[in-house]
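Novice: Input entry_20.csv, format and content: CSV, C-alpha atoms.
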chain,number,residue,atom,x,y,z
A,12,MET,CA,0.0,0.0,0.0
A,13,LEU,CA,1.3,3.5,-0.9
A,14,GLU,CA,2.2,5.9,1.8
A,15,LYS,CA,0.2,9.2,1.8
A,16,SER,CA,3.3,11.1,0.7
A,17,GLU,CA,3.7,8.8,-2.2
A,18,ILE,CA,0.1,9.3,-3.3
A,19,ILE,CA,0.5,13.0,-3.1
A,20,LYS,CA,3.7,12.8,-5.2
A,21,ALA,CA,2.0,10.5,-7.7
A,22,GLU,CA,-0.9,13.0,-8.0
A,23,LYS,CA,1.4,15.9,-8.5
A,24,ASP,CA,3.4,14.0,-11.1
A,25,ALA,CA,0.2,13.2,-13.0
A,26,VAL,CA,-0.9,16.8,-13.0
A,27,LYS,CA,2.5,17.9,-14.1
A,28,CYS,CA,2.5,15.3,-16.9
A,29,LEU,CA,-0.9,16.6,-18.1
A,30,GLU,CA,0.3,20.1,-18.2
A,31,GLU,CA,3.7,19.7,-19.8
A,32,GLU,CA,2.6,20.9,-23.1
A,33,ILE,CA,-0.5,23.1,-23.4
A,34,VAL,CA,-1.5,24.2,-26.9
A,35,PHE,CA,-3.7,27.0,-28.0
A,36,GLU,CA,-4.6,27.1,-31.7
A,37,ILE,CA,-6.2,30.3,-33.1
A,38,ASP,CA,-8.0,29.6,-36.4
A,39,SER,CA,-8.5,32.0,-39.3
A,40,TYR,CA,-11.7,33.3,-37.8
A,41,GLY,CA,-10.1,34.2,-34.5
A,42,PHE,CA,-11.5,31.2,-32.6
A,43,ILE,CA,-9.3,29.6,-30.0
A,44,ASN,CA,-9.0,25.8,-29.9
A,45,PHE,CA,-7.6,24.7,-26.6
A,46,ILE,CA,-6.2,21.3,-27.0
A,47,ARG,CA,-6.0,18.8,-24.2
A,48,ARG,CA,-5.5,15.1,-24.1
A,49,GLU,CA,-7.5,14.7,-20.9
A,50,ASN,CA,-10.5,16.4,-19.3
A,51,ILE,CA,-8.4,17.4,-16.3
A,52,ILE,CA,-7.3,20.9,-15.6
A,53,SER,CA,-5.6,22.7,-12.8
A,54,ASP,CA,-7.0,25.8,-11.1
A,55,ASP,CA,-4.1,27.9,-12.4
A,56,LEU,CA,-4.8,26.9,-15.9
A,57,MET,CA,-8.5,27.4,-15.5
A,58,ARG,CA,-7.9,30.9,-14.2
A,59,ILE,CA,-5.8,31.7,-17.3
A,60,LEU,CA,-8.6,30.4,-19.6
A,61,GLU,CA,-11.2,32.4,-17.7
A,62,ASN,CA,-9.2,35.6,-18.3
A,63,ILE,CA,-8.6,34.8,-21.9
A,64,ILE,CA,-12.3,34.0,-22.7
A,65,GLU,CA,-13.8,37.2,-21.3
A,66,ASN,CA,-17.3,35.7,-21.8
A,67,GLU,CA,-19.3,34.5,-18.8
A,68,ASP,CA,-21.5,32.1,-20.7
A,69,GLU,CA,-18.4,30.5,-22.3
A,70,ILE,CA,-16.6,30.3,-19.0
A,71,ALA,CA,-19.6,28.5,-17.5
A,72,SER,CA,-19.5,26.0,-20.5
A,73,LEU,CA,-15.8,25.5,-20.0
A,74,LYS,CA,-16.2,24.7,-16.3
A,75,ALA,CA,-19.1,22.3,-17.1
A,76,PHE,CA,-16.9,20.6,-19.7
A,77,PHE,CA,-14.1,19.9,-17.2
A,78,ASP,CA,-16.5,19.1,-14.4
A,79,TYR,CA,-18.9,16.7,-16.1
A,80,LYS,CA,-17.9,15.9,-19.7
A,81,TYR,CA,-15.4,13.6,-21.2
A,82,LYS,CA,-14.4,14.2,-24.8
A,83,PRO,CA,-12.1,11.5,-26.1
A,84,ASP,CA,-10.4,13.6,-28.7
A,85,GLY,CA,-9.4,16.1,-26.0
A,86,ILE,CA,-10.1,19.2,-28.1
A,87,LEU,CA,-12.2,21.9,-26.5
A,88,ASN,CA,-13.4,24.5,-28.9
A,89,ILE,CA,-13.9,27.9,-27.3
A,90,PRO,CA,-16.0,30.3,-29.3
A,91,PHE,CA,-13.9,33.3,-28.6
A,92,CYS,CA,-15.3,36.1,-30.7
A,93,GLY,CA,-18.9,36.6,-31.8
B,21,MET,CA,-23.2,57.2,-49.1
B,22,SER,CA,-22.1,54.0,-47.5
B,23,GLU,CA,-24.1,53.2,-44.4
B,24,TYR,CA,-22.5,52.1,-41.2
B,25,HIS,CA,-23.1,48.7,-39.8
B,26,THR,CA,-22.9,48.0,-36.1
B,27,CYS,CA,-21.5,44.8,-34.7
B,28,GLU,CA,-20.9,43.9,-31.0
B,29,ILE,CA,-17.6,42.0,-30.8
B,30,GLU,CA,-16.5,39.9,-27.9
B,31,LEU,CA,-13.5,42.0,-27.1
B,32,LYS,CA,-13.1,43.8,-23.8
B,33,ASP,CA,-9.5,44.7,-23.2
B,34,LYS,CA,-8.8,48.2,-24.5
B,35,ILE,CA,-5.0,48.0,-24.3
B,36,ILE,CA,-4.9,44.7,-26.2
B,37,LEU,CA,-7.4,46.0,-28.8
B,38,ILE,CA,-5.2,49.1,-29.4
B,39,GLU,CA,-2.0,47.0,-29.4
B,40,SER,CA,-3.5,44.6,-31.9
B,41,LEU,CA,-4.7,47.3,-34.3
B,42,LYS,CA,-1.1,48.7,-34.2
B,43,GLU,CA,0.3,45.3,-34.9
B,44,MET,CA,-1.9,45.2,-38.0
B,45,GLY,CA,-0.3,48.4,-39.2
B,46,TYR,CA,-2.9,50.9,-38.2
B,47,LYS,CA,-2.4,54.0,-36.1
B,48,PRO,CA,-5.6,54.2,-34.2
B,49,VAL,CA,-6.7,57.5,-32.6
B,50,ILE,CA,-7.9,57.2,-29.1
B,51,TYR,CA,-10.3,59.7,-27.5
B,52,ASP,CA,-11.4,60.2,-23.9
B,53,SER,CA,-15.0,60.5,-25.1
B,54,PRO,CA,-16.6,59.1,-28.3
B,55,GLN,CA,-16.3,61.2,-31.4
B,56,LYS,CA,-18.3,61.2,-34.6
B,57,LEU,CA,-16.9,59.1,-37.4
B,58,ARG,CA,-16.2,60.6,-40.8
B,59,GLY,CA,-17.5,59.2,-44.1
B,60,TYR,CA,-15.3,59.0,-47.2
B,61,LYS,CA,-16.0,62.6,-48.2
B,62,GLY,CA,-15.1,63.8,-44.7
B,63,ASP,CA,-18.7,64.2,-43.7
B,64,LEU,CA,-19.5,63.6,-40.0
B,65,ARG,CA,-21.8,60.7,-39.3
B,66,ILE,CA,-24.0,60.0,-36.2
B,67,GLN,CA,-22.0,57.0,-35.1
B,68,LYS,CA,-19.5,57.7,-32.4
B,69,ALA,CA,-16.4,55.9,-31.2
B,70,GLU,CA,-13.6,56.2,-28.7
B,71,ILE,CA,-11.1,54.3,-30.8
B,72,ILE,CA,-11.0,55.3,-34.5
B,73,ILE,CA,-9.0,54.1,-37.5
B,74,PRO,CA,-9.0,57.1,-39.8
B,75,LYS,CA,-10.3,56.4,-43.3
B,76,SER,CA,-7.0,57.5,-44.8
B,77,GLN,CA,-5.3,54.5,-43.2
B,78,ILE,CA,-7.6,52.0,-44.9
B,79,SER,CA,-8.2,52.9,-48.5
B,80,ARG,CA,-9.0,56.0,-50.7
B,81,ALA,CA,-12.7,55.4,-50.7
B,82,SER,CA,-13.0,54.1,-47.1
B,83,ASN,CA,-14.9,55.6,-44.2
B,84,ASP,CA,-13.5,55.8,-40.6
B,85,ILE,CA,-13.8,52.6,-38.6
B,86,GLY,CA,-14.6,52.9,-35.0
B,87,PHE,CA,-14.8,51.0,-31.7
B,88,ASN,CA,-16.9,52.0,-28.8
B,89,ARG,CA,-17.2,50.3,-25.4
B,90,GLY,CA,-20.7,49.3,-24.4
B,91,LYS,CA,-22.1,49.2,-20.8
B,92,ASN,CA,-21.4,45.4,-20.7
B,93,GLY,CA,-17.7,46.1,-21.4
B,94,LYS,CA,-17.7,44.7,-24.9
B,95,TYR,CA,-16.7,46.8,-27.8
B,96,THR,CA,-19.0,47.6,-30.7
B,97,LEU,CA,-17.5,47.9,-34.1
B,98,TYR,CA,-18.7,50.5,-36.6
B,99,ILE,CA,-17.8,49.7,-40.1
B,100,SER,CA,-19.3,51.0,-43.4
B,101,GLU,CA,-20.9,48.8,-46.0
B,102,TYR,CA,-18.1,49.7,-48.4
B,103,ASP,CA,-15.4,48.7,-45.9
B,104,GLU,CA,-17.2,45.4,-45.2
B,105,SER,CA,-17.3,44.7,-48.9
B,106,ILE,CA,-13.6,45.3,-49.5
B,107,ALA,CA,-12.8,43.2,-46.4
B,108,GLU,CA,-14.6,40.2,-48.1
B,109,THR,CA,-11.9,40.4,-50.8
B,110,GLY,CA,-9.2,40.4,-48.1
B,111,ARG,CA,-8.3,44.1,-48.5
B,112,GLY,CA,-8.8,46.9,-46.1
B,113,PHE,CA,-9.8,46.1,-42.5
B,114,VAL,CA,-10.5,42.4,-42.0
B,115,LEU,CA,-12.2,41.8,-38.6
B,116,ASN,CA,-11.1,38.2,-38.5
B,117,ASN,CA,-7.5,39.3,-38.6
B,118,LEU,CA,-8.1,41.6,-35.6
B,119,LYS,CA,-9.7,38.7,-33.7
B,120,LYS,CA,-6.7,36.5,-34.5
B,121,THR,CA,-4.2,39.1,-33.4
B,122,TYR,CA,-6.3,40.0,-30.3
B,123,ALA,CA,-6.6,36.4,-29.3
B,124,LYS,CA,-2.8,35.8,-29.7
B,125,ASN,CA,-2.0,38.9,-27.6
B,126,LYS,CA,-4.6,38.1,-25.0
B,127,ILE,CA,-3.1,34.6,-24.5
B,128,ILE,CA,0.4,36.0,-24.3
B,129,LYS,CA,-0.7,38.6,-21.7
B,130,GLU,CA,-2.6,36.2,-19.5
B,131,VAL,CA,0.2,33.6,-19.6
B,132,SER,CA,2.9,36.1,-18.8
B,133,LYS,CA,0.9,37.3,-15.8
B,134,THR,CA,1.1,33.9,-14.1
B,135,SER,CA,4.0,32.6,-12.1
B,136,LYS,CA,3.4,29.0,-13.0
B,137,TYR,CA,3.4,29.0,-16.8
B,138,LYS,CA,5.6,30.5,-19.6
B,139,LEU,CA,5.4,30.7,-23.3
B,140,LYS,CA,7.2,28.0,-25.2
B,141,THR,CA,6.6,28.7,-28.9
B,142,ILE,CA,4.4,30.9,-31.1
B,143,GLU,CA,4.1,29.8,-34.7
B,144,GLY,CA,2.0,30.5,-37.7
B,145,VAL,CA,0.8,27.4,-39.6
B,146,ASN,CA,-1.7,27.4,-42.5
B,147,ASN,CA,-3.4,30.7,-41.6
B,148,LYS,CA,-3.5,29.5,-37.9
B,149,ILE,CA,-1.5,30.6,-34.9
B,150,LYS,CA,-0.3,27.9,-32.6
B,151,ILE,CA,0.8,28.9,-29.1
B,152,LYS,CA,2.4,26.4,-26.8
B,153,ILE,CA,2.9,27.1,-23.1
B,154,GLU,CA,4.6,25.0,-20.4
B,155,LEU,CA,5.2,25.0,-16.7
B,156,LYS,CA,8.1,27.2,-15.6
Kindly present the structure from the file in structure tokens form.

Specialist:
Amino acid sequence: MLEKSEIIKAEKDAVKCLEEEIVFEIDSYGFINFIRRENIISDDLMRILENIIENEDEIASLKAFFDYKYKPDGILNIPFCG
Amino acid sequence: MSEYHTCEIELKDKIILIESLKEMGYKPVIYDSPQKLRGYKGDLRIQKAEIIIPKSQISRASNDIGFNRGKNGKYTLYISEYDESIAETGRGFVLNNLKKTYAKNKIIKEVSKTSKYKLKTIEGVNNKIKIKIELK
């Protein structure tokens, strides 16, 4: 059985691994595609996304995505500009 | 006379909006209070804006293009029918190019504000901009 400290370390390593490369792709219409392999996100990264998006409805959708949805292709499309 | 069209755009950050217009090669004029826009003959129109791209910076037959902040914090774009039509051919002021530049600058600004992440690469590929960030 793992010690508590080992579990914490393993969790930290998992998060670090997920966040090693974060890609934003801006398409020709100015929409941002935020590309993730997993539906896991840290609070710090979520805060960055909230500030980037600037749209309360989209922020709510984003939070819902990471809270409740799993999308196997890992690509979250954020409608950025109306 | 080319009429003005009004379009609320999802852009809220004044500094980034101005920076992005400059990056696109314009020299926007910024006013403390909204000023009337000028048509291609120099005639004053009823539409007012705080940030104006003078028509001389767009094309010979253009009208001023303006941005005015609404009560909800979002900017409204004022653009004439003529300038919209030339934008469709990729000339003059192209809104999608502003959105792209704004989005890029917004990501750069928000990432550089944090202590945890840093920019890794910014590259243009097939009319797209790809920005990679990583943990510091």

Novice: Per residue of chain B within 6 Å of chain A, what are the shortest atom pair and its distance in Å to one decimal, counting all atoms listed in the file, with rows by chain and residue number, as JSON lines?

Specialist:
{"residue": "B:Ile29", "atom": "CA", "partner": "A:Gly93", "partner_atom": "CA", "distance": 5.6}
{"residue": "B:Glu30", "atom": "CA", "partner": "A:Cys92", "partner_atom": "CA", "distance": 4.9}
{"residue": "B:Asn116", "atom": "CA", "partner": "A:Tyr40", "partner_atom": "CA", "distance": 5.0}
{"residue": "B:Lys119", "atom": "CA", "partner": "A:Gly41", "partner_atom": "CA", "distance": 4.6}
{"residue": "B:Lys120", "atom": "CA", "partner": "A:Gly41", "partner_atom": "CA", "distance": 4.1}
{"residue": "B:Glu130", "atom": "CA", "partner": "A:Ile59", "partner_atom": "CA", "distance": 5.9}
{"residue": "B:Asn147", "atom": "CA", "partner": "A:Ser39", "partner_atom": "CA", "distance": 5.7}
{"residue": "B:Lys148", "atom": "CA", "partner": "A:Asp38", "partner_atom": "CA", "distance": 4.7}
{"residue": "B:Ile149", "atom": "CA", "partner": "A:Ile37", "partner_atom": "CA", "distance": 5.0}
{"residue": "B:Lys150", "atom": "CA", "partner": "A:Glu36", "partner_atom": "CA", "distance": 4.5}
{"residue": "B:Ile151", "atom": "CA", "partner": "A:Phe35", "partner_atom": "CA", "distance": 5.0}
{"residue": "B:Lys152", "atom": "CA", "partner": "A:Val34", "partner_atom": "CA", "distance": 4.5}
{"residue": "B:Ile153", "atom": "CA", "partner": "A:Ile33", "partner_atom": "CA", "distance": 5.3}
{"residue": "B:Glu154", "atom": "CA", "partner": "A:Glu32", "partner_atom": "CA", "distance": 5.3}

Novice: Mind listing as a list of chain:residue names all residues within 12 Å of (4.0, 32.7, -19.9), counting all atoms listed in the file?

Specialist: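 Every polymer residue passing the test: A:Ile33, A:Leu56, A:Ile59, B:Asn125, B:Lys126, B:Ile127, B:Ile128, B:Lys129, B:Glu130, B:Val131, B:Ser132, B:Lys133, B:Thr134, B:Ser135, B:Lys136, B:Tyr137, B:Lys138, B:Leu139, B:Lys140, B:Thr141, B:Ile142, B:Ile151, B:Lys152, B:Ile153, B:Glu154, B:Leu155, B:Lys156.
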
Novice: What is the CA of Ile72 in chain B to CA of Gly86 in chain B distance in Å?

Specialist: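 So the answer is 4.4 Å.
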
Novice: How many Å separate CA of Ser100 in chain B from CA of Lys75 in chain B?

Specialist: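 Separating CA of Ser100 in chain B from CA of Lys75 in chain B is a distance of 10.5 Å.
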
Novice: Name the residues in contact with range 51-61 of chain B at a cut-off of 8 Å, using only C-alpha atoms, excluding same-chain residues fewer than 4 positions from it; report them as a short mmCIF file (atom, residue, chain, number, x, y, z; two decimals) with C-alpha atoms, keeping the file's coordinate frame.

Specialist:
data_model
loop_
_atom_site.label_atom_id
_atom_site.label_comp_id
_atom_site.auth_asym_id
_atom_site.auth_seq_id
_atom_site.Cartn_x
_atom_site.Cartn_y
_atom_site.Cartn_z
CA MET B 21 -23.20 57.20 -49.10
CA SER B 22 -22.10 54.00 -47.50
CA ARG B 65 -21.80 60.70 -39.30
CA ILE B 66 -24.00 60.00 -36.20
CA GLN B 67 -22.00 57.00 -35.10
CA LYS B 68 -19.50 57.70 -32.40
CA ALA B 69 -16.40 55.90 -31.20
CA GLU B 70 -13.60 56.20 -28.70
CA ILE B 71 -11.10 54.30 -30.80
CA ILE B 72 -11.00 55.30 -34.50
CA LYS B 75 -10.30 56.40 -43.30
CA ARG B 80 -9.00 56.00 -50.70
CA ALA B 81 -12.70 55.40 -50.70
CA SER B 82 -13.00 54.10 -47.10
CA ASN B 83 -14.90 55.60 -44.20
CA ASP B 84 -13.50 55.80 -40.60
CA ILE B 85 -13.80 52.60 -38.60
CA GLY B 86 -14.60 52.90 -35.00
CA ASN B 88 -16.90 52.00 -28.80
#

Novice: Report the distance between CA of Asp103 in chain B and CA of Lys32 in chain B in Å, rounded to one decimal place.

Specialist: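 That distance, rounded to one decimal, is 22.8 Å.
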